[in-house]
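Asker: I'd like to ask you about the structure that follows.
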Amino acid sequence: MQLDAIDMRILRALQDNGRLSNQDLADQVALSPSACLRRVRTLEEEGLIRAYRAELDAVALGFELEAIVQVTLDRSREDWHGEFLQQMQAFEEVTAAYVVTGPCNYILQLRCRNLAAFSDFIVERLNKVPGMRDICSHIVMKTLKDSRHQLPLKES
C-alpha cells in the first residue's frame with residue numbers, strides 16, 4: 001500500500017491517541033469525516049493499524065518489578081526453539097520475548113509483583129525449562145524512555 005501525507009498524519013494522530021473520535025481525527029488531518037473513516041478502515045484492513053489498546057500503569061496495578069532477562073538454551077536438544085516458544089506463551093510474567101543475535105538466544109521482558117515473585121519465577125519456572133543453559137537477569141531500576149509502541153513516523 002502506498003501511503004500519502006494524509007495517511008501518515010492519520011497514523012501519527014492515532015498512535016498518539018487511539019481514542020480520538022472520527023470527527024476529531026478528521027479535523028486534525030483536514031478531511032471530511034466520511035473520507036477519514038474510509039482511510040482508517042483501509043489502514044486497518046491493510047494491517048497497518050493492528051490494534052487499539054489501553055496502556056496500563058503496571059506499578060499502580062501492583063506489578064512493581066520489571067526485568068530484562070537473557071536466556072541461553074542448549075541447542076543440541078531436538079526442537080529446542082519450538083519447545084521454548086511454547087513455554088514462553090504460558091508464562092504470564094513474560095510481557096515480551098525476542099529471538100536475538102549475540103551471546104544468548106532470547107531476551108525476555110518480565111513484569112512481576114515484587115522481588116520474591118521474580119525470584120520464584122526465575123528459580124522455580126524459567127530455570128526448569130528443558131534445555132536451559134544460562135539465565136542472566138537485569139532488574140530495571142528506572143525507565144528513562146519507553147516508546148516501543150511509537151514509530152518515528154516522519155512527514156512525507
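Each chain of the C-alpha cells is named A, B, ... in the order shown, its residues numbered from 1; ligands are numbered from 1 in display order.
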Give me every helix (DSSP H, G or I) residue in chain A, going by DSSP on the backbone, as a ChimeraX atom specification.
Answerer: /A:5-16,22-29,33-45,80-90,115-128
Asker: Looking only at strand (DSSP E) from DSSP on the backbone, list the matching residues of range 42-128 of chain A as a list in words.
Answerer: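 Filtering range 42-128 of chain A down to strand (DSSP E) leaves Leu65, Glu66, Ala67, Ile68, Val69, Gln70, Val71, Thr72, Leu73, Val94, Thr95, Ala96, Ala97, Tyr98, Val99, Tyr106, Ile107, Leu108, Gln109, Leu110, Arg111 and Cys112 of chain A.
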Asker: Keeping only N, CA and C atoms, write the selected residues to a file as a PDB file, in the first residue's frame.
Answerer:
```pdb
ATOM      1  N   LEU A  65       7.998  -4.804  39.815  1.00  0.00           N
ATOM      2  CA  LEU A  65       9.315  -5.187  39.319  1.00  0.00           C
ATOM      3  C   LEU A  65       9.284  -5.468  37.820  1.00  0.00           C
ATOM      4  N   GLU A  66      10.208  -4.829  37.114  1.00  0.00           N
ATOM      5  CA  GLU A  66      10.406  -5.087  35.690  1.00  0.00           C
ATOM      6  C   GLU A  66      11.831  -5.591  35.529  1.00  0.00           C
ATOM      7  N   ALA A  67      12.008  -6.574  34.667  1.00  0.00           N
ATOM      8  CA  ALA A  67      13.347  -7.114  34.442  1.00  0.00           C
ATOM      9  C   ALA A  67      13.531  -7.482  32.978  1.00  0.00           C
ATOM     10  N   ILE A  68      14.771  -7.418  32.562  1.00  0.00           N
ATOM     11  CA  ILE A  68      15.183  -7.886  31.242  1.00  0.00           C
ATOM     12  C   ILE A  68      16.038  -9.123  31.510  1.00  0.00           C
ATOM     13  N   VAL A  69      15.711 -10.218  30.849  1.00  0.00           N
ATOM     14  CA  VAL A  69      16.389 -11.489  31.131  1.00  0.00           C
ATOM     15  C   VAL A  69      16.942 -12.066  29.837  1.00  0.00           C
ATOM     16  N   GLN A  70      18.233 -12.369  29.853  1.00  0.00           N
ATOM     17  CA  GLN A  70      18.879 -13.030  28.723  1.00  0.00           C
ATOM     18  C   GLN A  70      18.836 -14.531  28.985  1.00  0.00           C
ATOM     19  N   VAL A  71      18.448 -15.296  27.975  1.00  0.00           N
ATOM     20  CA  VAL A  71      18.309 -16.740  28.104  1.00  0.00           C
ATOM     21  C   VAL A  71      19.141 -17.430  27.026  1.00  0.00           C
ATOM     22  N   THR A  72      19.914 -18.415  27.449  1.00  0.00           N
ATOM     23  CA  THR A  72      20.671 -19.247  26.516  1.00  0.00           C
ATOM     24  C   THR A  72      20.237 -20.688  26.720  1.00  0.00           C
ATOM     25  N   LEU A  73      19.893 -21.351  25.621  1.00  0.00           N
ATOM     26  CA  LEU A  73      19.447 -22.739  25.678  1.00  0.00           C
ATOM     27  C   LEU A  73      20.500 -23.673  25.088  1.00  0.00           C
ATOM     28  N   VAL A  94       6.089 -13.065  31.384  1.00  0.00           N
ATOM     29  CA  VAL A  94       6.832 -12.649  30.194  1.00  0.00           C
ATOM     30  C   VAL A  94       5.929 -11.740  29.366  1.00  0.00           C
ATOM     31  N   THR A  95       6.268 -10.461  29.331  1.00  0.00           N
ATOM     32  CA  THR A  95       5.459  -9.493  28.595  1.00  0.00           C
ATOM     33  C   THR A  95       5.954  -9.301  27.165  1.00  0.00           C
ATOM     34  N   ALA A  96       7.200  -9.671  26.901  1.00  0.00           N
ATOM     35  CA  ALA A  96       7.759  -9.612  25.547  1.00  0.00           C
ATOM     36  C   ALA A  96       8.901 -10.615  25.477  1.00  0.00           C
ATOM     37  N   ALA A  97       9.064 -11.229  24.326  1.00  0.00           N
ATOM     38  CA  ALA A  97      10.151 -12.194  24.124  1.00  0.00           C
ATOM     39  C   ALA A  97      10.709 -11.988  22.724  1.00  0.00           C
ATOM     40  N   TYR A  98      12.026 -11.962  22.636  1.00  0.00           N
ATOM     41  CA  TYR A  98      12.704 -11.701  21.370  1.00  0.00           C
ATOM     42  C   TYR A  98      13.751 -12.760  21.091  1.00  0.00           C
ATOM     43  N   VAL A  99      13.841 -13.208  19.853  1.00  0.00           N
ATOM     44  CA  VAL A  99      14.961 -14.022  19.391  1.00  0.00           C
ATOM     45  C   VAL A  99      16.022 -13.011  18.983  1.00  0.00           C
ATOM     46  N   TYR A 106      17.717 -15.604  23.471  1.00  0.00           N
ATOM     47  CA  TYR A 106      16.483 -14.849  23.663  1.00  0.00           C
ATOM     48  C   TYR A 106      16.695 -13.733  24.679  1.00  0.00           C
ATOM     49  N   ILE A 107      15.889 -12.700  24.536  1.00  0.00           N
ATOM     50  CA  ILE A 107      15.787 -11.674  25.568  1.00  0.00           C
ATOM     51  C   ILE A 107      14.309 -11.594  25.932  1.00  0.00           C
ATOM     52  N   LEU A 108      14.052 -11.664  27.223  1.00  0.00           N
ATOM     53  CA  LEU A 108      12.688 -11.613  27.738  1.00  0.00           C
ATOM     54  C   LEU A 108      12.494 -10.343  28.544  1.00  0.00           C
ATOM     55  N   GLN A 109      11.310  -9.801  28.460  1.00  0.00           N
ATOM     56  CA  GLN A 109      10.927  -8.709  29.340  1.00  0.00           C
ATOM     57  C   GLN A 109       9.906  -9.289  30.301  1.00  0.00           C
ATOM     58  N   LEU A 110      10.099  -9.051  31.588  1.00  0.00           N
ATOM     59  CA  LEU A 110       9.225  -9.614  32.618  1.00  0.00           C
ATOM     60  C   LEU A 110       8.584  -8.512  33.445  1.00  0.00           C
ATOM     61  N   ARG A 111       7.405  -8.789  33.952  1.00  0.00           N
ATOM     62  CA  ARG A 111       6.739  -7.951  34.942  1.00  0.00           C
ATOM     63  C   ARG A 111       6.285  -8.863  36.065  1.00  0.00           C
ATOM     64  N   CYS A 112       6.706  -8.542  37.282  1.00  0.00           N
ATOM     65  CA  CYS A 112       6.337  -9.330  38.463  1.00  0.00           C
ATOM     66  C   CYS A 112       5.876  -8.377  39.559  1.00  0.00           C
TER      67      CYS A 112
END
```
Asker: With a distance cut-off of 12 Å and only C-alpha atoms, select the neighbouring residues of Leu3 in chain A, excluding the residue or stretch itself and same-chain residues fewer than 2 positions from it, and output the selection as a list of chain:residue names.
Answerer: A:Met1, A:Ala5, A:Ile6, A:Asp7, A:Met8, A:Arg9, A:Ile10, A:Leu11, A:Arg39, A:Val40, A:Thr42, A:Leu43, A:Glu46, A:Leu48, A:Leu153, A:Lys154, A:Glu155, A:Ser156
Asker: Store the residues of this selection in a file with N, CA and C atoms, as a PDB file, in the first residue's frame.
Answerer:
```pdb
ATOM      1  N   MET A   1       0.845  -1.182   0.000  1.00  0.00           N
ATOM      2  CA  MET A   1       0.000   0.000   0.000  1.00  0.00           C
ATOM      3  C   MET A   1       0.887   1.242   0.000  1.00  0.00           C
ATOM      4  N   ALA A   5       0.735  11.700   2.500  1.00  0.00           N
ATOM      5  CA  ALA A   5       0.927  12.545   3.680  1.00  0.00           C
ATOM      6  C   ALA A   5      -0.279  12.489   4.622  1.00  0.00           C
ATOM      7  N   ILE A   6      -1.478  12.374   4.076  1.00  0.00           N
ATOM      8  CA  ILE A   6      -2.677  12.305   4.922  1.00  0.00           C
ATOM      9  C   ILE A   6      -2.702  10.994   5.709  1.00  0.00           C
ATOM     10  N   ASP A   7      -2.360   9.878   5.046  1.00  0.00           N
ATOM     11  CA  ASP A   7      -2.289   8.596   5.747  1.00  0.00           C
ATOM     12  C   ASP A   7      -1.290   8.670   6.903  1.00  0.00           C
ATOM     13  N   MET A   8      -0.157   9.298   6.655  1.00  0.00           N
ATOM     14  CA  MET A   8       0.865   9.415   7.703  1.00  0.00           C
ATOM     15  C   MET A   8       0.355  10.275   8.861  1.00  0.00           C
ATOM     16  N   ARG A   9      -0.378  11.343   8.550  1.00  0.00           N
ATOM     17  CA  ARG A   9      -0.940  12.177   9.622  1.00  0.00           C
ATOM     18  C   ARG A   9      -1.965  11.387  10.436  1.00  0.00           C
ATOM     19  N   ILE A  10      -2.769  10.579   9.762  1.00  0.00           N
ATOM     20  CA  ILE A  10      -3.749   9.732  10.459  1.00  0.00           C
ATOM     21  C   ILE A  10      -3.020   8.763  11.383  1.00  0.00           C
ATOM     22  N   LEU A  11      -1.987   8.104  10.871  1.00  0.00           N
ATOM     23  CA  LEU A  11      -1.243   7.138  11.684  1.00  0.00           C
ATOM     24  C   LEU A  11      -0.585   7.811  12.887  1.00  0.00           C
ATOM     25  N   ARG A  39     -10.351   6.024   5.041  1.00  0.00           N
ATOM     26  CA  ARG A  39      -8.903   5.846   5.098  1.00  0.00           C
ATOM     27  C   ARG A  39      -8.493   5.000   6.310  1.00  0.00           C
ATOM     28  N   VAL A  40      -9.102   5.264   7.453  1.00  0.00           N
ATOM     29  CA  VAL A  40      -8.783   4.484   8.655  1.00  0.00           C
ATOM     30  C   VAL A  40      -9.125   3.017   8.433  1.00  0.00           C
ATOM     31  N   THR A  42      -9.258   1.408   5.623  1.00  0.00           N
ATOM     32  CA  THR A  42      -8.284   0.855   4.681  1.00  0.00           C
ATOM     33  C   THR A  42      -6.966   0.551   5.404  1.00  0.00           C
ATOM     34  N   LEU A  43      -6.517   1.461   6.261  1.00  0.00           N
ATOM     35  CA  LEU A  43      -5.283   1.242   7.023  1.00  0.00           C
ATOM     36  C   LEU A  43      -5.419   0.018   7.935  1.00  0.00           C
ATOM     37  N   GLU A  46      -5.475  -3.205   5.658  1.00  0.00           N
ATOM     38  CA  GLU A  46      -4.141  -3.490   5.118  1.00  0.00           C
ATOM     39  C   GLU A  46      -3.165  -3.930   6.216  1.00  0.00           C
ATOM     40  N   LEU A  48      -1.899  -2.092   8.634  1.00  0.00           N
ATOM     41  CA  LEU A  48      -1.001  -1.051   9.133  1.00  0.00           C
ATOM     42  C   LEU A  48      -1.406  -0.596  10.531  1.00  0.00           C
ATOM     43  N   LEU A 153       7.377   8.141  12.848  1.00  0.00           N
ATOM     44  CA  LEU A 153       6.747   8.480  11.564  1.00  0.00           C
ATOM     45  C   LEU A 153       7.067   9.930  11.214  1.00  0.00           C
ATOM     46  N   LYS A 154       7.646  10.112  10.045  1.00  0.00           N
ATOM     47  CA  LYS A 154       8.004  11.452   9.567  1.00  0.00           C
ATOM     48  C   LYS A 154       7.014  11.909   8.507  1.00  0.00           C
ATOM     49  N   GLU A 155       6.888  13.204   8.382  1.00  0.00           N
ATOM     50  CA  GLU A 155       6.056  13.791   7.311  1.00  0.00           C
ATOM     51  C   GLU A 155       6.693  13.467   5.979  1.00  0.00           C
ATOM     52  N   SER A 156       5.890  12.962   5.022  1.00  0.00           N
ATOM     53  CA  SER A 156       6.463  12.601   3.714  1.00  0.00           C
ATOM     54  C   SER A 156       6.408  13.744   2.739  1.00  0.00           C
TER      55      SER A 156
END
```
Asker: Please provide the set of residues having any atom within 12 Å of Ala116 in chain A, restricted to only C-alpha atoms, with same-chain residues fewer than 5 positions apart removed, written as number ranges by chain.
Answerer: A: 63-65, 121-124
Asker: Take the residues from that selection and write them out as a JSON list (two decimals), in the first residue's frame, keeping N, CA and C atoms.
Answerer:
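Written output follows (again.json):
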```
[["chain", "number", "residue", "atom", "x", "y", "z"],
["A", 63, "PHE", "N", 2.38, -4.37, 39.91],
["A", 63, "PHE", "CA", 3.50, -5.07, 39.27],
["A", 63, "PHE", "C", 4.72, -4.16, 39.35],
["A", 64, "GLU", "N", 5.37, -4.19, 40.50],
["A", 64, "GLU", "CA", 6.42, -3.24, 40.82],
["A", 64, "GLU", "C", 7.78, -3.56, 40.20],
["A", 65, "LEU", "N", 8.00, -4.80, 39.81],
["A", 65, "LEU", "CA", 9.31, -5.19, 39.32],
["A", 65, "LEU", "C", 9.28, -5.47, 37.82],
["A", 121, "PHE", "N", 9.77, -17.00, 40.02],
["A", 121, "PHE", "CA", 9.62, -17.28, 38.60],
["A", 121, "PHE", "C", 10.93, -17.78, 38.00],
["A", 122, "ILE", "N", 12.03, -17.10, 38.29],
["A", 122, "ILE", "CA", 13.33, -17.49, 37.73],
["A", 122, "ILE", "C", 13.74, -18.87, 38.21],
["A", 123, "VAL", "N", 13.71, -19.08, 39.51],
["A", 123, "VAL", "CA", 14.21, -20.33, 40.10],
["A", 123, "VAL", "C", 13.28, -21.51, 39.86],
["A", 124, "GLU", "N", 11.99, -21.32, 40.06],
["A", 124, "GLU", "CA", 11.06, -22.45, 40.03],
["A", 124, "GLU", "C", 10.43, -22.72, 38.67]]
```
Asker: Could you pull the residues within 12 Å of Gln23 in chain A, counting only C-alpha atoms, minus those fewer than 5 positions along the same chain, as an MDAnalysis selection string?
Answerer: chainID A and resid 28:37
Asker: Mind pulling up the distance from CA of Arg133 in chain A to CA of Pro103 in chain A?
Answerer: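 If I compute the distance from CA of Pro103 in chain A to CA of Arg133 in chain A, I get 11.9 Å.
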Asker: Give the answer as one residue: which of A:Val100, A:Ile139, A:Ala117, A:His149 has the shortest atom-to-atom distance to Arg50 in chain A, using only C-alpha atoms?
Answerer: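 Looking at the shortest contact to Arg50 in chain A, the residue is A:His149.
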Asker: Report the distance between CA of Pro130 in chain A and CA of Glu93 in chain A in Å, rounded to one decimal place.
Answerer: 18.2 Å
Asker: Which one is closest to Arg75 in chain A: A:Ala54, A:Cys104, A:Leu144, A:Ala13? Count only C-alpha atoms.
Answerer: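 For Arg75 in chain A, the nearest of the candidates is A:Cys104.
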Asker: Which is closest to Gly131 in chain A among A:Phe91, A:Phe118, A:Arg77, A:Thr101, if we use only C-alpha atoms?
Answerer: A:Arg77
Asker: Identify which of the residues A:Phe84, A:Arg125, A:Leu20, A:Asp146 lies closest to Glu55 in chain A, counting only C-alpha atoms when measuring atom-to-atom distances.
Answerer: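 Residue with the minimum atom-to-atom distance to Glu55 in chain A: A:Asp146.
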